[in-house]
Amino acid sequence: MPHFNTVVVGAGSFGAWTALTLQRRGRRVLLIDAWGPAHNRASSGGESRIIRMGYGANSVYTRWSMRSLALWQDLFARTGRPLFHRTGVLWISHPGDEYNSQNLSEFEQAGVPHETFSQAELAHHYPQMSLDAATTWGLFEPESGVLMARRAVATVVEEAQRQGVEYRCAAARVPADAEAERSPKRRESAGYLEGITTANGEAISAGKDGIYVFACGPWLGKLFPALLGERIFVTRQEVFFFGTPPGDRRFAPPALPTRIDPTPESYGMPDLEGRGLKIAIDRHGPGFDPDSGSRQPSPEGIGQARDYLARRFPGLADAPLVESRVCQYENTSSGDFLLDRHPQCENVWLAGGGSGHGFKHGPAVGEYLADRIIDGESGNPRFSLETKQVVQRRAIF
Ligand SMILES: Cc1cc2nc3c(=O)[nH]c(=O)nc-3n(C[C@H](O)[C@H](O)[C@H](O)COP(=O)(O)OP(=O)(O)OC[C@H]3O[C@@H](n4cnc5c(N)ncnc54)[C@H](O)[C@@H]3O)c2cc1C
């Protein structure tokens with residue numbers, strides 16, 4: 001008999017928190033990852049990720065962000081790792097900005113601390129930012145900020161191991177049920193996954209009543225090609241860090257918060273831990289292979305980031321590019337997560353589709369899956385496989 005009854009494949013934000021939460025709720029968990037927690041090619045492998053409460057009218061994500069921030073902070077307090085920077089998050093807004101008006105009303109209902117700034121107040125608080133005529137107001141979340149992503153995931157996995165989770169570096173092969181999807185004859189007999197094998201040929205079984213959770217981020221479509229190959233859209237995303245002038249604290253917290261800027265769809269973080277001012281465009285890039293895609297930034301991407309920098313932060317127009325990263329979003333059709341049972345295998349669960357905003361929600365994802373798997377709670381349709389289409393219509397930002 002194995003000493004575990006649950007296998008979680010994938011130690012990114014979703015898988016690590018799911019493993020920790022299932023273990024805390026009494027399952028005995030084996031967590032495996034092909035390269036390691038939040039490694040360089042994983043979507044969770046970046047330096048930093050924003051945690052914000054604003055989700056327009058999508059209040060479920062506001063509630064999940066609130067809950068997740070509390071659980072991240074609890075983890076960091078417990079482990080003595082200060083991996084959350086309370087930079088505040090500033091939404092830069094224009095007249096008739098429906099999304100931010102919805103944020104405002106959600107904040108009031110949910111009790112999210114916030115402030116609004118007029119254009120004159122924005123100019124007063126942030127003289128290092130240039131405000132065009134379209135920027136007429138700002139919405140500020142003072143309690144939100146930035147999670148130091150890859151170190152935060154490593155901390156979750158360490159904590160999970162302290163709680164009894166076994167962690168191994170191993171690559172799961174396409175499970176038998178995924179093969180069955182391609183063969184209608186076998187599909188009829190599929191229904192229960194007995195075990196998985198690894199790339200080294202090792203057989204892993206969670207035993208009788210075993211549960212398998214595949215939290216494989218941008219690799220989900222490769223593991224389940226028939227089911228998810230056309231439902232997870234992996235896109236190439238570039239991130240840039242620009243160096244600030246020596247001894248100049250105008251671009252670091254508390255002088256500058258994290259920003260979400262609709263013109264163009266960009267976001268950025270202040271200079272944290274001396275890495276430089278971070279800038280990224282949130283628009284979906286071209287399709288991308290997480291195994292073999294080039295991690296070199298494109299000249300167009302650098303040009304776009306520089307244009308933005310010169311416009312919003314004229315003092316950094318000639319700042320050196322000190323670091324860049326190419327990562328990937330693993331989008332669903334709408335941007336809603338995929339957290340559901342495999343339709344042909346009752347003991348298999350799928351967790352992914354973070355869609356460029358999933359990192360912060362790892363703790364809430366773990367709780368949601370534990371509620372469903374252990375307590376048999378019914379699911380929210382927006383996280384179901386059924387609602388995931390083969391044509392992208394992004395609705396969640
Ligand atoms: C540039 C960028 C900026 C982002 N900004 C934000 C942000 O500011 N805030 C936010 O909340 N979110 C943000 N996101 C989104 C967020 O990072 C992702 O949604 C989240 O990290 C996804 O986590 P995951 O665990 O689902 O996937 P991953 O982190 O990719 O983890 C999946 C894991 O599965 C493993 N795996 C895959 N196949 C196998 C296999 N066969 N066997 C074993 N292991 C396997 C992989 O090795 C990997 O470690 C951003 C994403 C990007 C790329």
# chains A, B, ... in the order shown; residues from 1 in each chain; ligands from 1
>>> residues_near_ligand(ligand="ligand 1", cutoff="6 Å", atoms="only C-alpha atoms and all ligand atoms", output="tab-separated table (two decimals) with N, CA and C atoms, in the first residue's frame")
chain	number	residue	atom	x	y	z
A	9	VAL	N	-0.05	16.60	-9.54
A	9	VAL	CA	0.98	16.76	-10.58
A	9	VAL	C	1.08	18.24	-10.91
A	10	GLY	N	2.24	18.84	-10.65
A	10	GLY	CA	2.44	20.27	-10.93
A	10	GLY	C	2.57	21.06	-9.65
A	11	ALA	N	3.76	21.67	-9.46
A	11	ALA	CA	4.00	22.45	-8.24
A	11	ALA	C	4.15	23.94	-8.56
A	12	GLY	N	3.18	24.46	-9.32
A	12	GLY	CA	3.06	25.91	-9.47
A	12	GLY	C	2.16	26.43	-8.36
A	13	SER	N	1.68	27.65	-8.51
A	13	SER	CA	0.83	28.22	-7.46
A	13	SER	C	-0.42	27.35	-7.22
A	14	PHE	N	-1.05	26.87	-8.30
A	14	PHE	CA	-2.28	26.09	-8.14
A	14	PHE	C	-1.99	24.74	-7.47
A	15	GLY	N	-0.99	24.01	-8.00
A	15	GLY	CA	-0.72	22.67	-7.50
A	15	GLY	C	-0.15	22.68	-6.09
A	32	ILE	N	4.28	16.04	-7.33
A	32	ILE	CA	5.43	15.88	-8.23
A	32	ILE	C	5.47	17.04	-9.23
A	33	ASP	N	6.67	17.37	-9.65
A	33	ASP	CA	6.82	18.37	-10.71
A	33	ASP	C	8.00	17.97	-11.60
A	34	ALA	N	7.82	18.24	-12.89
A	34	ALA	CA	8.83	17.82	-13.86
A	34	ALA	C	10.15	18.57	-13.69
A	35	TRP	N	10.10	19.81	-13.21
A	35	TRP	CA	11.33	20.60	-13.07
A	35	TRP	C	11.53	21.18	-11.68
A	36	GLY	N	10.47	21.31	-10.92
A	36	GLY	CA	10.60	21.89	-9.58
A	36	GLY	C	9.64	23.04	-9.38
A	37	PRO	N	9.36	23.39	-8.11
A	37	PRO	CA	8.38	24.43	-7.81
A	37	PRO	C	8.73	25.76	-8.48
A	38	ALA	N	7.78	26.31	-9.26
A	38	ALA	CA	7.93	27.63	-9.89
A	38	ALA	C	9.28	27.77	-10.60
A	42	ALA	N	7.83	27.65	-15.82
A	42	ALA	CA	6.46	27.60	-15.28
A	42	ALA	C	5.84	29.00	-15.31
A	43	SER	N	4.51	29.05	-15.38
A	43	SER	CA	3.85	30.36	-15.34
A	43	SER	C	4.04	31.03	-13.99
A	44	SER	N	4.24	30.23	-12.95
A	44	SER	CA	4.45	30.80	-11.61
A	44	SER	C	5.92	31.19	-11.39
A	49	ARG	N	4.35	38.85	-8.78
A	49	ARG	CA	2.99	38.83	-9.30
A	49	ARG	C	2.12	39.76	-8.46
A	50	ILE	N	1.23	40.45	-9.14
A	50	ILE	CA	0.34	41.40	-8.44
A	50	ILE	C	-0.76	40.64	-7.70
A	51	ILE	N	-1.08	41.12	-6.50
A	51	ILE	CA	-2.33	40.68	-5.86
A	51	ILE	C	-3.17	41.93	-5.66
A	170	ALA	N	9.64	14.70	-10.77
A	170	ALA	CA	9.33	13.62	-11.71
A	170	ALA	C	8.33	14.14	-12.74
A	171	ALA	N	8.44	13.62	-13.95
A	171	ALA	CA	7.53	14.05	-15.02
A	171	ALA	C	6.48	12.98	-15.26
A	172	ALA	N	5.22	13.35	-15.08
A	172	ALA	CA	4.14	12.39	-15.32
A	172	ALA	C	3.93	12.23	-16.81
A	173	ARG	N	3.75	11.01	-17.23
A	173	ARG	CA	3.43	10.77	-18.65
A	173	ARG	C	1.93	10.92	-18.85
A	215	ALA	N	-2.41	19.79	-12.09
A	215	ALA	CA	-2.33	21.26	-12.03
A	215	ALA	C	-1.12	21.67	-12.87
A	216	CYS	N	-1.23	21.42	-14.16
A	216	CYS	CA	-0.05	21.49	-15.03
A	216	CYS	C	0.02	22.75	-15.87
A	217	GLY	N	-0.69	23.80	-15.49
A	217	GLY	CA	-0.56	25.11	-16.12
A	217	GLY	C	-0.59	25.03	-17.64
A	218	PRO	N	0.42	25.60	-18.30
A	218	PRO	CA	0.41	25.63	-19.77
A	218	PRO	C	0.64	24.27	-20.41
A	219	TRP	N	0.98	23.27	-19.61
A	219	TRP	CA	1.20	21.91	-20.15
A	219	TRP	C	-0.09	21.08	-20.13
A	237	GLN	N	4.21	35.99	-23.46
A	237	GLN	CA	4.10	37.28	-22.76
A	237	GLN	C	5.50	37.74	-22.34
A	239	VAL	N	8.05	40.51	-20.29
A	239	VAL	CA	8.11	41.35	-19.08
A	239	VAL	C	9.48	42.03	-19.05
A	327	CYS	N	7.46	34.75	-20.55
A	327	CYS	CA	6.66	33.77	-19.82
A	327	CYS	C	5.45	33.44	-20.69
A	328	GLN	N	4.51	32.68	-20.18
A	328	GLN	CA	3.32	32.39	-20.97
A	328	GLN	C	2.09	32.44	-20.08
A	329	TYR	N	0.99	32.92	-20.69
A	329	TYR	CA	-0.32	32.79	-20.06
A	329	TYR	C	-0.91	31.46	-20.55
A	352	GLY	N	-6.33	24.50	-13.71
A	352	GLY	CA	-5.47	25.34	-14.55
A	352	GLY	C	-6.24	26.50	-15.14
A	354	GLY	N	-5.10	29.60	-15.55
A	354	GLY	CA	-4.87	30.81	-14.72
A	354	GLY	C	-5.02	32.11	-15.50
A	355	SER	N	-4.88	32.04	-16.83
A	355	SER	CA	-5.26	33.13	-17.73
A	355	SER	C	-4.65	34.50	-17.39
A	356	GLY	N	-3.40	34.49	-16.95
A	356	GLY	CA	-2.72	35.76	-16.71
A	356	GLY	C	-3.09	36.45	-15.41
A	357	HIS	N	-3.95	35.80	-14.59
A	357	HIS	CA	-4.31	36.43	-13.32
A	357	HIS	C	-4.42	35.41	-12.17
A	358	GLY	N	-3.94	34.19	-12.42
A	358	GLY	CA	-4.22	33.12	-11.47
A	358	GLY	C	-3.31	33.04	-10.26
A	359	PHE	N	-2.11	33.60	-10.36
A	359	PHE	CA	-1.12	33.33	-9.31
A	359	PHE	C	-1.66	33.65	-7.92
A	360	LYS	N	-2.16	34.85	-7.76
A	360	LYS	CA	-2.60	35.31	-6.44
A	360	LYS	C	-3.62	34.37	-5.79
>>> select_by_dssp(residues="range 19-186 of chain A", states="alpha helix (DSSP H)", output="ChimeraX atom specification")
/A:19-24,59-79,98-110,119-125,149-162,176-182,184-186
>>> closest_atom_pairs(of="range 96-204 of chain A", to="range 53-76 of chain A", cutoff="10 Å", atoms="only C-alpha atoms", output="CSV")
residue,atom,partner,partner_atom,distance
A:Glu98,CA,A:Gly56,CA,8.1
A:Tyr99,CA,A:Gly56,CA,4.9
A:Asn100,CA,A:Gly56,CA,6.4
A:Ser101,CA,A:Gly56,CA,7.7
A:Gln102,CA,A:Gly56,CA,4.8
A:Asn103,CA,A:Gly56,CA,4.6
A:Leu104,CA,A:Gly54,CA,8.2
A:Ser105,CA,A:Ala57,CA,8.6
A:Glu106,CA,A:Ser59,CA,6.8
A:Phe107,CA,A:Gly54,CA,7.6
A:Gln109,CA,A:Ser59,CA,9.6
A:Ala110,CA,A:Arg63,CA,7.5
A:Gly111,CA,A:Met66,CA,9.8
A:Val112,CA,A:Met53,CA,7.4
A:Pro113,CA,A:Met53,CA,9.6
A:His114,CA,A:Met53,CA,9.9
A:Leu139,CA,A:Gly54,CA,9.5
A:Phe140,CA,A:Gly54,CA,9.8
A:Glu141,CA,A:Met53,CA,7.6
A:Glu143,CA,A:Met53,CA,9.3
A:Ser144,CA,A:Met53,CA,7.2
A:Gly145,CA,A:Leu69,CA,9.6
A:Leu147,CA,A:Trp72,CA,8.6
A:Ala152,CA,A:Phe76,CA,8.3
A:Thr155,CA,A:Phe76,CA,8.1
A:Val156,CA,A:Leu75,CA,7.6
A:Glu159,CA,A:Leu75,CA,8.1
>>> atom_distance(atom1="CA of Gly221 in chain A", atom2="CA of Gln161 in chain A")
28.1 Å
>>> residues_around(residues="Trp17 in chain A", least_positions_apart="3", cutoff="6 Å", atoms="only C-alpha atoms", output="PyMOL selection string")
chain A and resi 14+20-21+362-363+366
>>> closest_residue(among="A:Phe337, A:Phe224, A:Phe84, A:Phe233", to="Glu386 in chain A", atoms="only C-alpha atoms")
A:Phe337
>>> residues_around(residues="range 269-273 of chain A", least_positions_apart="2", cutoff="12 Å", atoms="only C-alpha atoms", output="PyMOL selection string")
chain A and resi 47-51+82-90+128-129+144-148+239-245+248-261+266-267+275-280+313+322
>>> closest_residue(among="A:Ile92, A:Val8, A:Ala317, A:Ala123", to="Ile204 in chain A", atoms="only C-alpha atoms")
A:Val8
>>> residues_around(residues="range 338-345 of chain A", least_positions_apart="4", cutoff="8 Å", atoms="only C-alpha atoms", output="PyMOL selection string")
chain A and resi 177+187+190-193+332+349-354+365+369+379+383-385+388
>>> write_last_selection(atoms="all heavy atoms", output="tab-separated table (two decimals), in the first residue's frame")
chain	number	residue	atom	x	y	z
A	177	ASP	N	-6.06	7.51	-19.20
A	177	ASP	CA	-7.39	7.97	-19.60
A	177	ASP	C	-7.30	8.94	-20.76
A	177	ASP	O	-8.18	9.00	-21.60
A	177	ASP	CB	-8.11	8.63	-18.43
A	177	ASP	CG	-7.50	9.94	-18.04
A	177	ASP	OD1	-6.26	10.00	-17.96
A	177	ASP	OD2	-8.24	10.88	-17.82
A	187	ARG	N	-12.72	4.41	-24.19
A	187	ARG	CA	-13.36	5.44	-23.37
A	187	ARG	C	-14.50	4.86	-22.54
A	187	ARG	O	-14.71	5.24	-21.40
A	187	ARG	CB	-13.88	6.57	-24.25
A	187	ARG	CG	-14.35	7.75	-23.43
A	187	ARG	CD	-15.03	8.78	-24.27
A	187	ARG	NE	-14.15	9.26	-25.32
A	187	ARG	CZ	-14.54	10.09	-26.28
A	187	ARG	NH1	-15.79	10.49	-26.32
A	187	ARG	NH2	-13.72	10.49	-27.21
A	190	ALA	N	-13.11	3.40	-19.58
A	190	ALA	CA	-12.38	4.29	-18.67
A	190	ALA	C	-13.37	4.83	-17.65
A	190	ALA	O	-14.57	4.77	-17.83
A	190	ALA	CB	-11.76	5.43	-19.45
A	191	GLY	N	-12.89	5.31	-16.57
A	191	GLY	CA	-13.81	5.81	-15.56
A	191	GLY	C	-13.06	6.01	-14.28
A	191	GLY	O	-13.49	6.77	-13.41
A	192	TYR	N	-11.93	5.39	-14.20
A	192	TYR	CA	-11.18	5.44	-12.96
A	192	TYR	C	-9.71	5.32	-13.30
A	192	TYR	O	-9.30	4.41	-14.03
A	192	TYR	CB	-11.61	4.27	-12.07
A	192	TYR	CG	-11.14	4.43	-10.66
A	192	TYR	CD1	-11.84	5.21	-9.75
A	192	TYR	CD2	-9.97	3.81	-10.25
A	192	TYR	CE1	-11.38	5.38	-8.46
A	192	TYR	CE2	-9.51	3.98	-8.95
A	192	TYR	CZ	-10.22	4.76	-8.07
A	192	TYR	OH	-9.77	4.92	-6.81
A	193	LEU	N	-8.89	6.25	-12.81
A	193	LEU	CA	-7.45	6.19	-13.11
A	193	LEU	C	-6.76	5.37	-12.02
A	193	LEU	O	-6.84	5.71	-10.84
A	193	LEU	CB	-6.88	7.62	-13.17
A	193	LEU	CG	-5.40	7.74	-13.56
A	193	LEU	CD1	-5.16	7.25	-14.99
A	193	LEU	CD2	-4.92	9.19	-13.42
A	332	THR	N	-7.95	30.31	-20.67
A	332	THR	CA	-9.17	29.63	-21.12
A	332	THR	C	-9.89	30.59	-22.07
A	332	THR	O	-9.46	31.74	-22.24
A	332	THR	CB	-10.10	29.30	-19.94
A	332	THR	OG1	-10.45	30.53	-19.30
A	332	THR	CG2	-9.42	28.36	-18.95
A	349	TRP	N	-8.85	15.18	-11.33
A	349	TRP	CA	-9.27	16.58	-11.29
A	349	TRP	C	-8.31	17.42	-12.12
A	349	TRP	O	-7.11	17.13	-12.14
A	349	TRP	CB	-9.31	17.08	-9.84
A	349	TRP	CG	-10.42	16.41	-9.08
A	349	TRP	CD1	-10.40	15.17	-8.54
A	349	TRP	CD2	-11.72	16.95	-8.83
A	349	TRP	NE1	-11.62	14.88	-7.95
A	349	TRP	CE2	-12.44	15.96	-8.12
A	349	TRP	CE3	-12.36	18.15	-9.12
A	349	TRP	CZ2	-13.76	16.15	-7.69
A	349	TRP	CZ3	-13.67	18.35	-8.70
A	349	TRP	CH2	-14.36	17.35	-7.99
A	350	LEU	N	-8.85	18.44	-12.76
A	350	LEU	CA	-8.05	19.32	-13.61
A	350	LEU	C	-8.03	20.71	-12.97
A	350	LEU	O	-9.09	21.22	-12.57
A	350	LEU	CB	-8.69	19.42	-15.00
A	350	LEU	CG	-8.94	18.07	-15.69
A	350	LEU	CD1	-9.88	18.24	-16.88
A	350	LEU	CD2	-7.61	17.45	-16.13
A	351	ALA	N	-6.85	21.29	-12.86
A	351	ALA	CA	-6.74	22.63	-12.24
A	351	ALA	C	-5.80	23.47	-13.10
A	351	ALA	O	-4.62	23.15	-13.20
A	351	ALA	CB	-6.21	22.51	-10.81
A	352	GLY	N	-6.33	24.50	-13.71
A	352	GLY	CA	-5.47	25.34	-14.55
A	352	GLY	C	-6.24	26.50	-15.14
A	352	GLY	O	-7.26	26.94	-14.60
A	353	GLY	N	-5.74	26.98	-16.28
A	353	GLY	CA	-6.39	28.11	-16.95
A	353	GLY	C	-6.26	29.39	-16.16
A	353	GLY	O	-7.19	30.20	-16.11
A	354	GLY	N	-5.10	29.60	-15.55
A	354	GLY	CA	-4.87	30.81	-14.72
A	354	GLY	C	-5.02	32.11	-15.50
A	354	GLY	O	-5.27	33.16	-14.92
A	365	VAL	N	-7.85	28.59	-4.73
A	365	VAL	CA	-8.00	27.43	-5.62
A	365	VAL	C	-7.86	26.15	-4.80
A	365	VAL	O	-8.64	25.20	-4.93
A	365	VAL	CB	-6.94	27.49	-6.75
A	365	VAL	CG1	-6.81	26.13	-7.45
A	365	VAL	CG2	-7.30	28.59	-7.76
A	369	LEU	N	-10.85	23.36	-4.40
A	369	LEU	CA	-10.71	21.95	-4.80
A	369	LEU	C	-10.88	21.02	-3.61
A	369	LEU	O	-11.49	19.97	-3.72
A	369	LEU	CB	-9.35	21.74	-5.49
A	369	LEU	CG	-9.28	22.31	-6.91
A	369	LEU	CD1	-7.86	22.24	-7.45
A	369	LEU	CD2	-10.23	21.57	-7.87
A	379	GLY	N	-19.87	22.48	-7.64
A	379	GLY	CA	-18.94	23.47	-8.19
A	379	GLY	C	-19.63	24.71	-8.72
A	379	GLY	O	-20.84	24.72	-8.95
A	383	PHE	N	-16.18	27.74	-13.28
A	383	PHE	CA	-14.91	27.01	-13.25
A	383	PHE	C	-15.01	25.62	-13.92
A	383	PHE	O	-14.08	24.83	-13.85
A	383	PHE	CB	-14.42	26.85	-11.81
A	383	PHE	CG	-14.26	28.16	-11.08
A	383	PHE	CD1	-14.87	28.39	-9.85
A	383	PHE	CD2	-13.50	29.18	-11.65
A	383	PHE	CE1	-14.73	29.61	-9.20
A	383	PHE	CE2	-13.35	30.41	-11.00
A	383	PHE	CZ	-13.98	30.62	-9.78
A	384	SER	N	-16.17	25.36	-14.52
A	384	SER	CA	-16.37	24.01	-15.07
A	384	SER	C	-15.74	23.87	-16.44
A	384	SER	O	-15.53	24.85	-17.17
A	384	SER	CB	-17.87	23.72	-15.17
A	384	SER	OG	-18.42	24.50	-16.22
A	385	LEU	N	-15.46	22.63	-16.79
A	385	LEU	CA	-14.93	22.32	-18.12
A	385	LEU	C	-15.96	22.68	-19.20
A	385	LEU	O	-15.61	23.17	-20.27
A	385	LEU	CB	-14.58	20.82	-18.19
A	385	LEU	CG	-14.09	20.30	-19.53
A	385	LEU	CD1	-12.78	20.96	-19.93
A	385	LEU	CD2	-13.91	18.79	-19.46
A	388	LYS	N	-15.84	25.99	-20.90
A	388	LYS	CA	-14.61	26.36	-21.61
A	388	LYS	C	-14.76	26.04	-23.10
A	388	LYS	O	-14.98	24.88	-23.47
A	388	LYS	CB	-13.39	25.62	-21.03
A	388	LYS	CG	-13.23	25.80	-19.51
A	388	LYS	CD	-13.04	27.27	-19.15
A	388	LYS	CE	-13.01	27.55	-17.67
A	388	LYS	NZ	-14.24	27.42	-16.92
>>> select_by_dssp(residues="range 144-264 of chain A", states="strand (DSSP E)", output="PyMOL selection string")
chain A and resi 145-147+166-169+196-197+203-204+211-214+233-242+258-261
>>> closest_residue(among="A:Gly195, A:Pro299, A:Pro127, A:Pro246", to="Pro2 in chain A", atoms="only C-alpha atoms")
A:Gly195
>>> closest_residue(among="A:Leu22, A:Leu309, A:Val213, A:Leu321", to="Gln163 in chain A", atoms="only C-alpha atoms")
A:Leu22
>>> closest_residue(among="A:Pro95, A:Gly335, A:Gly46, A:Gly301", to="Ala133 in chain A", atoms="only C-alpha atoms")
A:Pro95
